[in-house]
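Working notes, beginning with the structure itself.
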Number of protein chains: 2
Amino acid sequence: MNIGTASEQSRLPVKTIRYYEDIGLVRPLRSENGYRDFSDTDLQRLKFLQRARSLGFSIEECRELLSLYEDGNRASADVKAITQSKISEIDRKIDELRSLRKVLTTLSDACHGDSRPTCPIIDDLAGLGEPDRDMRGQTG
Amino acid sequence: MNIGTASEQSRLPVKTIRYYEDIGLVRPLRSENGYRDFSDTDLQRLKFLQRARSLGFSIEECRELLSLYEDGNRASADVKAITQSKISEIDRKIDELRSLRKVLTTLSDACHGDSRPTCPIIDDLAGLGEPDRDMRGQTG
DNA sequence: GATTGACCTTCCAGTCACTGGAGGCCCTAA
DNA sequence: TTAGGGCCTCCAGTGACTGGAAGGTCAATC
């Protein structure tokens, strides 16, 4: 099938599929006219990639998962390990966002939010808050 | 002061400061030898940027906040609005991560994680799960 | 005065995962 | 024959840096 059909079926943009070919995630044959010709197996890979990407796996993780997918002898433990490290990563991100949210909420709550120029948010950003600067603002 | 000192004081990498100059977030003078010469005002901006970035504001948001910071007549409502839209954004991200986490946890829990090749995680990625494919995997 | 080494400069390329666009070929239908 | 849509490649841009090469500057030491 042509790339357009593969795109519809896999729900991946055409551009993305071409990109995936570029980086070797899928290797469709070529028709005589130079068009990519996707087999059912290729389509399976694309669907796999779509799902895995939407679950937050990076391209390199997808590559790894794909090779496990296609290795009939893989140990499920290997796949589970990748998945669990992904879960930990998500947990870390959630924590980080939560603490960010907390600071922003505190600042926002302290701000009267009217037409006056006085603004605790700006004051904080400018370093005019309590002098515990070194406790905060560490970039992850 | 030289860029190294500005870097220490602002806790921003030297490279980042040069980048910020490139994109016009800070405009230090130059000494006769061509070295950047940061004033106290420049340093204030850098510290402001460090704090704002660490709170998750994008570069463009920082630019906006900086101009509000330097506008003595700004309305605090403007700053509060940016902050609150940031909070909503964080909430959206957290929700997304939570639902991702849920799917991954379900999959991981279903996987025995031993040396056998049978793996529900891979099966799901391959589209061998329940046939509700169209309900899932929408990329945000 | 020469050398060392830290610090500074610019410029280019790479990161991640695409996305947009230009310029042009191919195919089908009217 | 023409119009349109689909396909091709290649290049550049996104965001926010980061790494590295090649080279100039400065202060201290020999």
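Letters for chains follow the order of the structure tokens (A, B, ...), residue numbers begin at 1 for each chain, and ligand numbers begin at 1 in the order shown.
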Least-squares align chain A to chain B using all Cα atoms paired by position, then dump the moved coordinates as a tab-separated table (two decimals) with N, CA and C atoms, in the first residue's frame.
chain	number	residue	atom	x	y	z
A	1	MET	N	30.80	43.06	35.12
A	1	MET	CA	31.41	41.75	35.43
A	1	MET	C	31.45	40.87	34.18
A	2	ASN	N	32.39	39.94	34.15
A	2	ASN	CA	32.51	39.01	33.03
A	2	ASN	C	31.42	37.94	33.07
A	3	ILE	N	31.35	37.20	31.98
A	3	ILE	CA	30.26	36.23	31.86
A	3	ILE	C	30.37	35.13	32.92
A	4	GLY	N	31.58	34.77	33.28
A	4	GLY	CA	31.77	33.71	34.27
A	4	GLY	C	31.16	34.09	35.61
A	5	THR	N	31.42	35.31	36.02
A	5	THR	CA	30.86	35.81	37.28
A	5	THR	C	29.34	35.88	37.19
A	6	ALA	N	28.84	36.41	36.08
A	6	ALA	CA	27.40	36.50	35.87
A	6	ALA	C	26.77	35.10	35.93
A	7	SER	N	27.49	34.14	35.39
A	7	SER	CA	27.01	32.77	35.39
A	7	SER	C	26.89	32.23	36.82
A	8	GLU	N	27.94	32.44	37.60
A	8	GLU	CA	27.90	32.00	39.01
A	8	GLU	C	26.75	32.65	39.76
A	9	GLN	N	26.67	33.97	39.62
A	9	GLN	CA	25.70	34.74	40.39
A	9	GLN	C	24.25	34.40	40.00
A	10	SER	N	24.05	34.13	38.73
A	10	SER	CA	22.68	33.87	38.27
A	10	SER	C	22.36	32.37	38.28
A	11	ARG	N	23.39	31.56	38.47
A	11	ARG	CA	23.25	30.11	38.38
A	11	ARG	C	22.72	29.66	37.01
A	12	LEU	N	23.12	30.40	35.99
A	12	LEU	CA	22.81	30.00	34.62
A	12	LEU	C	24.13	29.63	33.94
A	13	PRO	N	24.16	28.55	33.15
A	13	PRO	CA	25.39	28.21	32.44
A	13	PRO	C	25.82	29.33	31.50
A	14	VAL	N	27.12	29.44	31.32
A	14	VAL	CA	27.68	30.45	30.41
A	14	VAL	C	27.04	30.37	29.03
A	15	LYS	N	26.94	29.17	28.53
A	15	LYS	CA	26.37	28.96	27.21
A	15	LYS	C	24.94	29.50	27.13
A	16	THR	N	24.22	29.29	28.19
A	16	THR	CA	22.82	29.73	28.23
A	16	THR	C	22.74	31.25	28.21
A	17	ILE	N	23.64	31.88	28.94
A	17	ILE	CA	23.64	33.35	28.96
A	17	ILE	C	23.94	33.90	27.57
A	18	ARG	N	24.90	33.29	26.91
A	18	ARG	CA	25.21	33.75	25.55
A	18	ARG	C	24.00	33.55	24.64
A	19	TYR	N	23.34	32.42	24.84
A	19	TYR	CA	22.13	32.16	24.06
A	19	TYR	C	21.06	33.21	24.34
A	20	TYR	N	20.90	33.57	25.60
A	20	TYR	CA	19.92	34.58	25.97
A	20	TYR	C	20.26	35.93	25.33
A	21	GLU	N	21.54	36.20	25.19
A	21	GLU	CA	21.91	37.43	24.50
A	21	GLU	C	21.53	37.33	23.02
A	22	ASP	N	21.84	36.17	22.44
A	22	ASP	CA	21.49	35.92	21.03
A	22	ASP	C	20.03	36.24	20.75
A	23	ILE	N	19.16	35.79	21.62
A	23	ILE	CA	17.73	35.96	21.36
A	23	ILE	C	17.20	37.23	22.03
A	24	GLY	N	18.10	38.08	22.48
A	24	GLY	CA	17.70	39.41	22.92
A	24	GLY	C	17.08	39.50	24.29
A	25	LEU	N	17.32	38.52	25.14
A	25	LEU	CA	16.75	38.59	26.49
A	25	LEU	C	17.62	39.44	27.42
A	26	VAL	N	18.87	39.60	27.05
A	26	VAL	CA	19.77	40.42	27.85
A	26	VAL	C	20.76	41.07	26.88
A	27	ARG	N	21.16	42.31	27.16
A	27	ARG	CA	22.04	43.02	26.24
A	27	ARG	C	23.20	43.65	26.97
A	28	PRO	N	24.16	42.83	27.40
A	28	PRO	CA	25.31	43.38	28.11
A	28	PRO	C	26.17	44.24	27.20
A	29	LEU	N	26.85	45.22	27.78
A	29	LEU	CA	27.82	46.00	27.02
A	29	LEU	C	29.04	45.13	26.75
A	30	ARG	N	29.98	45.68	25.96
A	30	ARG	CA	31.21	44.96	25.69
A	30	ARG	C	32.40	45.77	26.21
A	31	SER	N	33.34	45.09	26.80
A	31	SER	CA	34.58	45.75	27.20
A	31	SER	C	35.43	45.96	25.95
A	32	GLU	N	36.56	46.66	26.11
A	32	GLU	CA	37.43	46.93	24.96
A	32	GLU	C	37.98	45.65	24.36
A	33	ASN	N	38.18	44.64	25.19
A	33	ASN	CA	38.73	43.38	24.69
A	33	ASN	C	37.66	42.49	24.05
A	34	GLY	N	36.44	42.98	23.97
A	34	GLY	CA	35.38	42.21	23.33
A	34	GLY	C	34.59	41.35	24.30
A	35	TYR	N	35.04	41.29	25.55
A	35	TYR	CA	34.33	40.50	26.55
A	35	TYR	C	32.99	41.16	26.89
A	36	ARG	N	32.00	40.35	27.18
A	36	ARG	CA	30.74	40.90	27.66
A	36	ARG	C	30.94	41.49	29.05
A	37	ASP	N	30.28	42.61	29.28
A	37	ASP	CA	30.41	43.27	30.58
A	37	ASP	C	29.01	43.46	31.17
A	38	PHE	N	28.70	42.60	32.13
A	38	PHE	CA	27.35	42.60	32.70
A	38	PHE	C	27.21	43.60	33.85
A	39	SER	N	26.20	44.44	33.73
A	39	SER	CA	25.90	45.38	34.82
A	39	SER	C	25.03	44.67	35.87
A	40	ASP	N	24.79	45.35	36.98
A	40	ASP	CA	23.90	44.79	38.00
A	40	ASP	C	22.49	44.57	37.45
A	41	THR	N	22.08	45.49	36.61
A	41	THR	CA	20.76	45.36	35.99
A	41	THR	C	20.69	44.10	35.12
A	42	ASP	N	21.75	43.90	34.34
A	42	ASP	CA	21.81	42.69	33.52
A	42	ASP	C	21.71	41.45	34.41
A	43	LEU	N	22.45	41.49	35.49
A	43	LEU	CA	22.44	40.35	36.42
A	43	LEU	C	21.04	40.11	36.98
A	44	GLN	N	20.34	41.19	37.31
A	44	GLN	CA	18.97	41.05	37.78
A	44	GLN	C	18.11	40.32	36.77
A	45	ARG	N	18.26	40.72	35.51
A	45	ARG	CA	17.50	40.08	34.45
A	45	ARG	C	17.82	38.59	34.38
A	46	LEU	N	19.09	38.28	34.48
A	46	LEU	CA	19.51	36.87	34.41
A	46	LEU	C	18.92	36.07	35.56
A	47	LYS	N	18.96	36.63	36.74
A	47	LYS	CA	18.39	35.93	37.90
A	47	LYS	C	16.89	35.74	37.72
A	48	PHE	N	16.26	36.77	37.22
A	48	PHE	CA	14.83	36.72	36.94
A	48	PHE	C	14.54	35.57	35.96
A	49	LEU	N	15.35	35.52	34.92
A	49	LEU	CA	15.17	34.48	33.91
A	49	LEU	C	15.39	33.09	34.50
A	50	GLN	N	16.41	32.97	35.30
A	50	GLN	CA	16.71	31.66	35.91
A	50	GLN	C	15.52	31.17	36.73
A	51	ARG	N	14.99	32.08	37.53
A	51	ARG	CA	13.86	31.72	38.38
A	51	ARG	C	12.61	31.40	37.54
A	52	ALA	N	12.33	32.25	36.59
A	52	ALA	CA	11.13	32.06	35.79
A	52	ALA	C	11.21	30.77	34.97
A	53	ARG	N	12.37	30.50	34.39
A	53	ARG	CA	12.54	29.27	33.62
A	53	ARG	C	12.37	28.06	34.52
A	54	SER	N	12.94	28.14	35.73
A	54	SER	CA	12.86	27.00	36.64
A	54	SER	C	11.42	26.77	37.08
A	55	LEU	N	10.60	27.80	36.96
A	55	LEU	CA	9.18	27.64	37.29
A	55	LEU	C	8.37	27.20	36.08
A	56	GLY	N	9.03	26.92	35.00
A	56	GLY	CA	8.34	26.33	33.86
A	56	GLY	C	7.82	27.31	32.83
A	57	PHE	N	8.17	28.59	32.98
A	57	PHE	CA	7.75	29.53	31.95
A	57	PHE	C	8.63	29.35	30.73
A	58	SER	N	8.00	29.44	29.56
A	58	SER	CA	8.76	29.32	28.32
A	58	SER	C	9.56	30.60	28.10
A	59	ILE	N	10.47	30.53	27.18
A	59	ILE	CA	11.27	31.71	26.85
A	59	ILE	C	10.38	32.89	26.47
A	60	GLU	N	9.37	32.63	25.67
A	60	GLU	CA	8.51	33.74	25.24
A	60	GLU	C	7.71	34.30	26.42
A	61	GLU	N	7.30	33.41	27.31
A	61	GLU	CA	6.61	33.88	28.51
A	61	GLU	C	7.57	34.70	29.37
A	62	CYS	N	8.81	34.25	29.44
A	62	CYS	CA	9.82	35.00	30.20
A	62	CYS	C	10.00	36.39	29.62
A	63	ARG	N	10.01	36.44	28.30
A	63	ARG	CA	10.17	37.73	27.64
A	63	ARG	C	9.04	38.67	28.06
A	64	GLU	N	7.85	38.10	28.06
A	64	GLU	CA	6.67	38.89	28.43
A	64	GLU	C	6.74	39.31	29.90
A	65	LEU	N	7.09	38.36	30.74
A	65	LEU	CA	7.20	38.66	32.18
A	65	LEU	C	8.27	39.71	32.43
A	66	LEU	N	9.37	39.60	31.70
A	66	LEU	CA	10.45	40.58	31.85
A	66	LEU	C	9.97	41.98	31.52
A	67	SER	N	9.18	42.06	30.45
A	67	SER	CA	8.75	43.39	30.05
A	67	SER	C	7.74	43.94	31.07
A	68	LEU	N	6.97	43.04	31.65
A	68	LEU	CA	6.07	43.46	32.72
A	68	LEU	C	6.88	43.87	33.95
A	69	TYR	N	7.92	43.06	34.21
A	69	TYR	CA	8.82	43.33	35.33
A	69	TYR	C	9.39	44.73	35.22
A	70	GLU	N	9.73	45.11	34.02
A	70	GLU	CA	10.39	46.40	33.85
A	70	GLU	C	9.43	47.54	33.55
A	71	ASP	N	8.15	47.21	33.48
A	71	ASP	CA	7.15	48.25	33.28
A	71	ASP	C	6.55	48.61	34.64
A	72	GLY	N	6.97	49.73	35.17
A	72	GLY	CA	6.51	50.15	36.50
A	72	GLY	C	5.00	50.30	36.60
A	73	ASN	N	4.33	50.42	35.44
A	73	ASN	CA	2.88	50.65	35.45
A	73	ASN	C	2.06	49.42	35.12
A	74	ARG	N	2.73	48.27	35.04
A	74	ARG	CA	1.98	47.06	34.67
A	74	ARG	C	0.85	46.83	35.67
A	75	ALA	N	-0.16	46.13	35.18
A	75	ALA	CA	-1.23	45.71	36.09
A	75	ALA	C	-0.88	44.31	36.60
A	76	SER	N	-1.05	44.10	37.88
A	76	SER	CA	-0.71	42.79	38.43
A	76	SER	C	-1.61	41.72	37.80
A	77	ALA	N	-2.77	42.13	37.33
A	77	ALA	CA	-3.69	41.19	36.69
A	77	ALA	C	-3.04	40.51	35.48
A	78	ASP	N	-2.23	41.27	34.76
A	78	ASP	CA	-1.56	40.71	33.58
A	78	ASP	C	-0.63	39.57	33.98
A	79	VAL	N	0.14	39.83	35.03
A	79	VAL	CA	1.09	38.81	35.49
A	79	VAL	C	0.34	37.59	36.02
A	80	LYS	N	-0.72	37.88	36.77
A	80	LYS	CA	-1.51	36.80	37.35
A	80	LYS	C	-2.12	35.92	36.25
A	81	ALA	N	-2.56	36.57	35.18
A	81	ALA	CA	-3.17	35.81	34.08
A	81	ALA	C	-2.17	34.83	33.47
A	82	ILE	N	-0.96	35.30	33.24
A	82	ILE	CA	0.06	34.41	32.69
A	82	ILE	C	0.32	33.24	33.63
A	83	THR	N	0.44	33.58	34.91
A	83	THR	CA	0.70	32.55	35.91
A	83	THR	C	-0.42	31.52	35.95
A	84	GLN	N	-1.63	32.00	35.89
A	84	GLN	CA	-2.75	31.06	35.98
A	84	GLN	C	-2.88	30.19	34.74
A	85	SER	N	-2.56	30.75	33.58
A	85	SER	CA	-2.63	29.91	32.40
A	85	SER	C	-1.53	28.84	32.47
A	86	LYS	N	-0.41	29.22	33.12
A	86	LYS	CA	0.65	28.24	33.34
A	86	LYS	C	0.18	27.12	34.26
A	87	ILE	N	-0.57	27.51	35.29
A	87	ILE	CA	-1.09	26.50	36.22
A	87	ILE	C	-2.03	25.53	35.49
A	88	SER	N	-2.89	26.09	34.63
A	88	SER	CA	-3.81	25.22	33.88
A	88	SER	C	-3.03	24.26	32.99
A	89	GLU	N	-2.00	24.80	32.39
A	89	GLU	CA	-1.17	23.98	31.52
A	89	GLU	C	-0.56	22.82	32.31
A	90	ILE	N	-0.07	23.15	33.49
A	90	ILE	CA	0.51	22.12	34.36
A	90	ILE	C	-0.53	21.07	34.71
A	91	ASP	N	-1.74	21.54	35.01
A	91	ASP	CA	-2.82	20.61	35.34
A	91	ASP	C	-3.10	19.65	34.19
A	92	ARG	N	-3.12	20.21	32.99
A	92	ARG	CA	-3.36	19.35	31.83
A	92	ARG	C	-2.26	18.31	31.70
A	93	LYS	N	-1.02	18.76	31.88
A	93	LYS	CA	0.09	17.82	31.77
A	93	LYS	C	0.01	16.72	32.82
A	94	ILE	N	-0.32	17.11	34.02
A	94	ILE	CA	-0.43	16.12	35.10
A	94	ILE	C	-1.52	15.10	34.76
A	95	ASP	N	-2.65	15.58	34.29
A	95	ASP	CA	-3.74	14.68	33.92
A	95	ASP	C	-3.29	13.67	32.87
A	96	GLU	N	-2.61	14.21	31.88
A	96	GLU	CA	-2.16	13.37	30.79
A	96	GLU	C	-1.20	12.29	31.31
A	97	LEU	N	-0.27	12.73	32.13
A	97	LEU	CA	0.69	11.77	32.69
A	97	LEU	C	0.00	10.73	33.55
A	98	ARG	N	-1.00	11.16	34.31
A	98	ARG	CA	-1.72	10.22	35.16
A	98	ARG	C	-2.40	9.15	34.34
A	99	SER	N	-3.02	9.55	33.23
A	99	SER	CA	-3.75	8.55	32.47
A	99	SER	C	-2.77	7.63	31.75
A	100	LEU	N	-1.65	8.18	31.35
A	100	LEU	CA	-0.59	7.36	30.78
A	100	LEU	C	-0.14	6.33	31.79
A	101	ARG	N	0.08	6.82	32.99
A	101	ARG	CA	0.56	5.96	34.07
A	101	ARG	C	-0.40	4.80	34.32
A	102	LYS	N	-1.67	5.15	34.25
A	102	LYS	CA	-2.69	4.15	34.52
A	102	LYS	C	-2.61	3.01	33.51
A	103	VAL	N	-2.54	3.36	32.25
A	103	VAL	CA	-2.45	2.34	31.21
A	103	VAL	C	-1.20	1.48	31.40
A	104	LEU	N	-0.08	2.15	31.63
A	104	LEU	CA	1.17	1.41	31.78
A	104	LEU	C	1.14	0.49	33.00
A	105	THR	N	0.54	0.98	34.07
A	105	THR	CA	0.46	0.16	35.27
A	105	THR	C	-0.40	-1.07	35.03
A	106	THR	N	-1.52	-0.86	34.37
A	106	THR	CA	-2.39	-1.99	34.05
A	106	THR	C	-1.64	-3.04	33.24
A	107	LEU	N	-0.92	-2.55	32.24
A	107	LEU	CA	-0.17	-3.47	31.40
A	107	LEU	C	0.91	-4.18	32.19
A	108	SER	N	1.63	-3.40	32.97
A	108	SER	CA	2.74	-3.97	33.74
A	108	SER	C	2.24	-5.01	34.74
A	109	ASP	N	1.10	-4.69	35.38
A	109	ASP	CA	0.54	-5.62	36.36
A	109	ASP	C	0.11	-6.93	35.70
A	110	ALA	N	-0.34	-6.83	34.44
A	110	ALA	CA	-0.83	-8.03	33.76
A	110	ALA	C	0.32	-8.89	33.26
A	111	CYS	N	1.53	-8.34	33.29
A	111	CYS	CA	2.69	-9.06	32.75
A	111	CYS	C	3.40	-9.82	33.85
A	112	HIS	N	3.57	-11.12	33.65
A	112	HIS	CA	4.19	-11.92	34.71
A	112	HIS	C	5.66	-11.56	34.89
A	113	GLY	N	6.29	-11.04	33.86
A	113	GLY	CA	7.65	-10.56	33.99
A	113	GLY	C	8.67	-11.62	34.31
A	114	ASP	N	8.61	-12.72	33.60
A	114	ASP	CA	9.62	-13.75	33.81
A	114	ASP	C	10.34	-14.04	32.49
A	115	SER	N	10.90	-15.23	32.35
A	115	SER	CA	11.69	-15.51	31.16
A	115	SER	C	10.84	-16.01	29.98
A	116	ARG	N	9.55	-16.20	30.24
A	116	ARG	CA	8.70	-16.65	29.14
A	116	ARG	C	8.46	-15.51	28.15
A	117	PRO	N	8.28	-15.85	26.88
A	117	PRO	CA	8.10	-14.79	25.88
A	117	PRO	C	6.70	-14.15	25.90
A	118	THR	N	5.72	-14.83	26.42
A	118	THR	CA	4.36	-14.29	26.42
A	118	THR	C	4.32	-12.98	27.19
A	119	CYS	N	3.82	-11.93	26.56
A	119	CYS	CA	3.87	-10.62	27.21
A	119	CYS	C	2.68	-9.73	26.83
A	120	PRO	N	1.79	-9.47	27.79
A	120	PRO	CA	0.60	-8.67	27.52
A	120	PRO	C	0.93	-7.24	27.09
A	121	ILE	N	2.09	-6.75	27.52
A	121	ILE	CA	2.46	-5.38	27.14
A	121	ILE	C	2.70	-5.32	25.64
A	122	ILE	N	3.53	-6.24	25.17
A	122	ILE	CA	3.81	-6.30	23.74
A	122	ILE	C	2.52	-6.57	22.96
A	123	ASP	N	1.70	-7.47	23.49
A	123	ASP	CA	0.44	-7.76	22.82
A	123	ASP	C	-0.41	-6.51	22.66
A	124	ASP	N	-0.42	-5.72	23.70
A	124	ASP	CA	-1.20	-4.48	23.62
A	124	ASP	C	-0.63	-3.54	22.57
A	125	LEU	N	0.68	-3.37	22.61
A	125	LEU	CA	1.31	-2.48	21.64
A	125	LEU	C	1.06	-2.97	20.22
A	126	ALA	N	1.01	-4.27	20.08
A	126	ALA	CA	0.80	-4.84	18.75
A	126	ALA	C	-0.66	-4.82	18.35
A	127	GLY	N	-1.51	-4.35	19.26
A	127	GLY	CA	-2.92	-4.25	18.92
A	127	GLY	C	-3.67	-5.54	19.10
A	128	LEU	N	-3.18	-6.40	19.96
A	128	LEU	CA	-3.84	-7.69	20.18
A	128	LEU	C	-4.73	-7.69	21.42
A	129	GLY	N	-4.92	-6.54	22.02
A	129	GLY	CA	-5.76	-6.46	23.20
A	129	GLY	C	-7.23	-6.47	22.83
A	130	GLU	N	-8.07	-5.96	23.72
A	130	GLU	CA	-9.49	-5.84	23.42
A	130	GLU	C	-9.63	-4.85	22.26
A	131	PRO	N	-10.66	-5.05	21.46
A	131	PRO	CA	-10.75	-4.25	20.24
A	131	PRO	C	-11.36	-2.86	20.46
A	132	ASP	N	-10.78	-2.08	21.35
A	132	ASP	CA	-11.26	-0.71	21.54
A	132	ASP	C	-10.18	0.28	21.13
A	133	ARG	N	-9.46	-0.15	20.11
A	133	ARG	CA	-8.33	0.62	19.60
A	133	ARG	C	-8.60	2.11	19.43
A	134	ASP	N	-9.76	2.43	18.88
A	134	ASP	CA	-10.01	3.83	18.55
A	134	ASP	C	-10.26	4.70	19.78
A	135	MET	N	-10.40	4.05	20.94
A	135	MET	CA	-10.57	4.82	22.16
A	135	MET	C	-9.23	5.27	22.73
A	136	ARG	N	-8.19	4.70	22.20
A	136	ARG	CA	-6.91	4.92	22.87
A	136	ARG	C	-5.85	5.49	21.95
A	137	GLY	N	-4.78	5.89	22.60
A	137	GLY	CA	-3.58	6.20	21.85
A	137	GLY	C	-3.65	7.47	21.03
A	138	GLN	N	-4.54	8.36	21.41
A	138	GLN	CA	-4.55	9.65	20.72
A	138	GLN	C	-3.40	10.48	21.25
A	139	THR	N	-2.55	10.89	20.35
A	139	THR	CA	-1.45	11.77	20.76
A	139	THR	C	-2.00	13.16	21.02
A	140	GLY	N	-1.54	13.76	22.13
A	140	GLY	CA	-2.02	15.09	22.46
A	140	GLY	C	-1.48	16.10	21.51
| request: Write out as a PyMOL selection string all residues of chain A that DSSP puts in helix (DSSP H, G or I) for this structure's backbone. | output: chain A and resi 3-10+14-22+40-54+59-69+76-110+120-125+133-135
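For the choices D:DT14, D:DT1, D:DT9, D:DT25, the atom-to-atom distance to C:DA29 is smallest for D:DT1 when using only C-alpha atoms (C1' of nucleotides).
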| task | Using DSSP on the backbone coordinates, identify the residues of chain B assigned to strand (DSSP E or B); present them as a ChimeraX atom specification. | result | /B:29-30,36-37
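With atom C1' of C:DG21 on one side and atom C1' of D:DC7 on the other, the separation reads 15.1 Å.
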| Of the residues D:DG6, D:DC17, D:DA28, D:DA12, which is the one nearest to chain A, using only C-alpha atoms (C1' of nucleotides)? | D:DG6
| message | I need the contact residues of chain C against chain A, so if you could list those with any atom within 12 Å, counting only C-alpha atoms (C1' of nucleotides), and return them as a ChimeraX atom specification, that would help. | response | /C:16-20,25-27
Create the file for the chosen residues now, containing N, CA and C atoms (P, O5', C5', C4', C3', O3' and C1' of nucleotides) and written as a CSV table (one decimal), in the first residue's frame.
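The file below, result07.csv, is the result:
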chain,number,residue,atom,x,y,z
C,16,DC,P,18.7,12.5,21.1
C,16,DC,O5',17.2,12.9,21.1
C,16,DC,C5',16.5,13.4,22.2
C,16,DC,C4',15.1,13.9,21.8
C,16,DC,C3',14.5,12.9,20.8
C,16,DC,O3',13.2,12.6,21.3
C,16,DC,C1',14.4,15.2,20.1
C,17,DA,P,12.6,11.2,21.0
C,17,DA,O5',11.5,11.7,19.9
C,17,DA,C5',10.5,12.6,20.4
C,17,DA,C4',9.9,13.2,19.2
C,17,DA,C3',9.5,12.3,18.0
C,17,DA,O3',8.2,12.6,17.6
C,17,DA,C1',10.7,14.1,17.2
C,18,DC,P,7.4,11.5,16.7
C,18,DC,O5',8.0,11.8,15.2
C,18,DC,C5',7.4,12.6,14.3
C,18,DC,C4',7.5,14.1,14.7
C,18,DC,C3',6.7,15.0,13.9
C,18,DC,O3',5.7,15.6,14.7
C,18,DC,C1',8.9,15.8,14.2
C,19,DT,P,4.3,16.1,14.0
C,19,DT,O5',4.7,17.3,13.1
C,19,DT,C5',4.9,18.6,13.7
C,19,DT,C4',5.3,19.6,12.6
C,19,DT,C3',4.4,19.6,11.4
C,19,DT,O3',3.9,20.9,11.3
C,19,DT,C1',6.7,19.7,10.8
C,20,DG,P,2.8,21.3,10.2
C,20,DG,O5',3.6,22.2,9.2
C,20,DG,C5',4.5,23.1,9.8
C,20,DG,C4',5.2,23.9,8.6
C,20,DG,C3',4.4,23.9,7.3
C,20,DG,O3',4.4,25.2,6.8
C,20,DG,C1',6.5,22.9,6.9
C,25,DC,P,10.0,17.2,-13.0
C,25,DC,O5',9.5,15.7,-12.7
C,25,DC,C5',10.4,14.8,-12.1
C,25,DC,C4',9.6,13.7,-11.5
C,25,DC,C3',8.7,12.9,-12.5
C,25,DC,O3',8.8,11.5,-12.2
C,25,DC,C1',7.4,13.7,-10.8
C,26,DC,P,8.1,10.5,-13.2
C,26,DC,O5',6.7,10.2,-12.5
C,26,DC,C5',6.6,9.6,-11.2
C,26,DC,C4',5.2,9.2,-10.9
C,26,DC,C3',4.4,8.5,-12.0
C,26,DC,O3',3.7,7.4,-11.4
C,26,DC,C1',3.3,10.4,-11.2
C,27,DC,P,3.1,6.3,-12.3
C,27,DC,O5',1.6,6.4,-12.0
C,27,DC,C5',1.2,6.8,-10.7
C,27,DC,C4',-0.3,7.2,-10.7
C,27,DC,C3',-1.1,6.6,-11.8
C,27,DC,O3',-2.3,6.0,-11.2
C,27,DC,C1',-1.4,8.9,-11.7
Which residues of chain D are close to chain B, meaning at most 10 Å apart when you count only C-alpha atoms (C1' of nucleotides), and how do they look as an mmCIF file with N, CA and C atoms (P, O5', C5', C4', C3', O3' and C1' of nucleotides), in the first residue's frame?
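Wrote part-v1.cif, looks like this:
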data_model
loop_
_atom_site.group_PDB
_atom_site.id
_atom_site.type_symbol
_atom_site.label_atom_id
_atom_site.label_comp_id
_atom_site.auth_asym_id
_atom_site.auth_seq_id
_atom_site.Cartn_x
_atom_site.Cartn_y
_atom_site.Cartn_z
ATOM 1 P P DG D 15 9.635 28.010 18.848
ATOM 2 O "O5'" DG D 15 10.076 27.275 20.170
ATOM 3 C "C5'" DG D 15 9.594 26.001 20.504
ATOM 4 C "C4'" DG D 15 10.286 25.545 21.778
ATOM 5 C "C3'" DG D 15 11.064 26.630 22.511
ATOM 6 O "O3'" DG D 15 10.986 26.313 23.893
ATOM 7 C "C1'" DG D 15 12.579 25.006 21.716
ATOM 8 P P DA D 16 11.169 27.448 24.949
ATOM 9 O "O5'" DA D 16 12.642 27.093 25.442
ATOM 10 C "C5'" DA D 16 12.855 25.858 26.088
ATOM 11 C "C4'" DA D 16 14.328 25.558 26.103
ATOM 12 C "C3'" DA D 16 15.232 26.747 26.494
ATOM 13 O "O3'" DA D 16 16.143 26.295 27.468
ATOM 14 C "C1'" DA D 16 16.040 25.686 24.608
ATOM 15 P P DC D 17 16.914 27.356 28.347
ATOM 16 O "O5'" DC D 17 18.108 27.805 27.383
ATOM 17 C "C5'" DC D 17 19.385 27.194 27.459
ATOM 18 C "C4'" DC D 17 19.354 25.787 26.909
ATOM 19 C "C3'" DC D 17 20.663 25.054 27.127
ATOM 20 O "O3'" DC D 17 20.451 23.954 28.007
ATOM 21 C "C1'" DC D 17 19.848 24.773 24.894
ATOM 22 P P DT D 18 21.651 23.448 28.902
ATOM 23 O "O5'" DT D 18 22.636 22.745 27.853
ATOM 24 C "C5'" DT D 18 22.342 21.439 27.387
ATOM 25 C "C4'" DT D 18 23.414 21.023 26.416
ATOM 26 C "C3'" DT D 18 24.847 21.215 26.920
ATOM 27 O "O3'" DT D 18 25.449 19.939 26.903
ATOM 28 C "C1'" DT D 18 24.607 21.967 24.682
ATOM 29 P P DG D 19 26.892 19.730 27.545
ATOM 30 O "O5'" DG D 19 27.767 19.479 26.246
ATOM 31 C "C5'" DG D 19 27.263 18.658 25.215
ATOM 32 C "C4'" DG D 19 28.268 18.605 24.087
ATOM 33 C "C3'" DG D 19 29.706 18.824 24.531
ATOM 34 O "O3'" DG D 19 30.502 17.826 23.920
ATOM 35 C "C1'" DG D 19 29.121 20.413 22.841
ATOM 36 P P DG D 24 44.074 34.065 17.008
ATOM 37 O "O5'" DG D 24 43.559 35.113 18.083
ATOM 38 C "C5'" DG D 24 42.436 35.943 17.781
ATOM 39 C "C4'" DG D 24 41.918 36.528 19.080
ATOM 40 C "C3'" DG D 24 42.956 37.312 19.871
ATOM 41 O "O3'" DG D 24 42.337 38.456 20.449
ATOM 42 C "C1'" DG D 24 42.116 35.569 21.200
ATOM 43 P P DT D 25 43.201 39.459 21.325
ATOM 44 O "O5'" DT D 25 42.944 38.928 22.805
ATOM 45 C "C5'" DT D 25 41.643 39.074 23.377
ATOM 46 C "C4'" DT D 25 41.743 38.965 24.899
ATOM 47 C "C3'" DT D 25 42.836 39.791 25.560
ATOM 48 O "O3'" DT D 25 42.245 40.402 26.700
ATOM 49 C "C1'" DT D 25 43.043 37.549 26.215
#
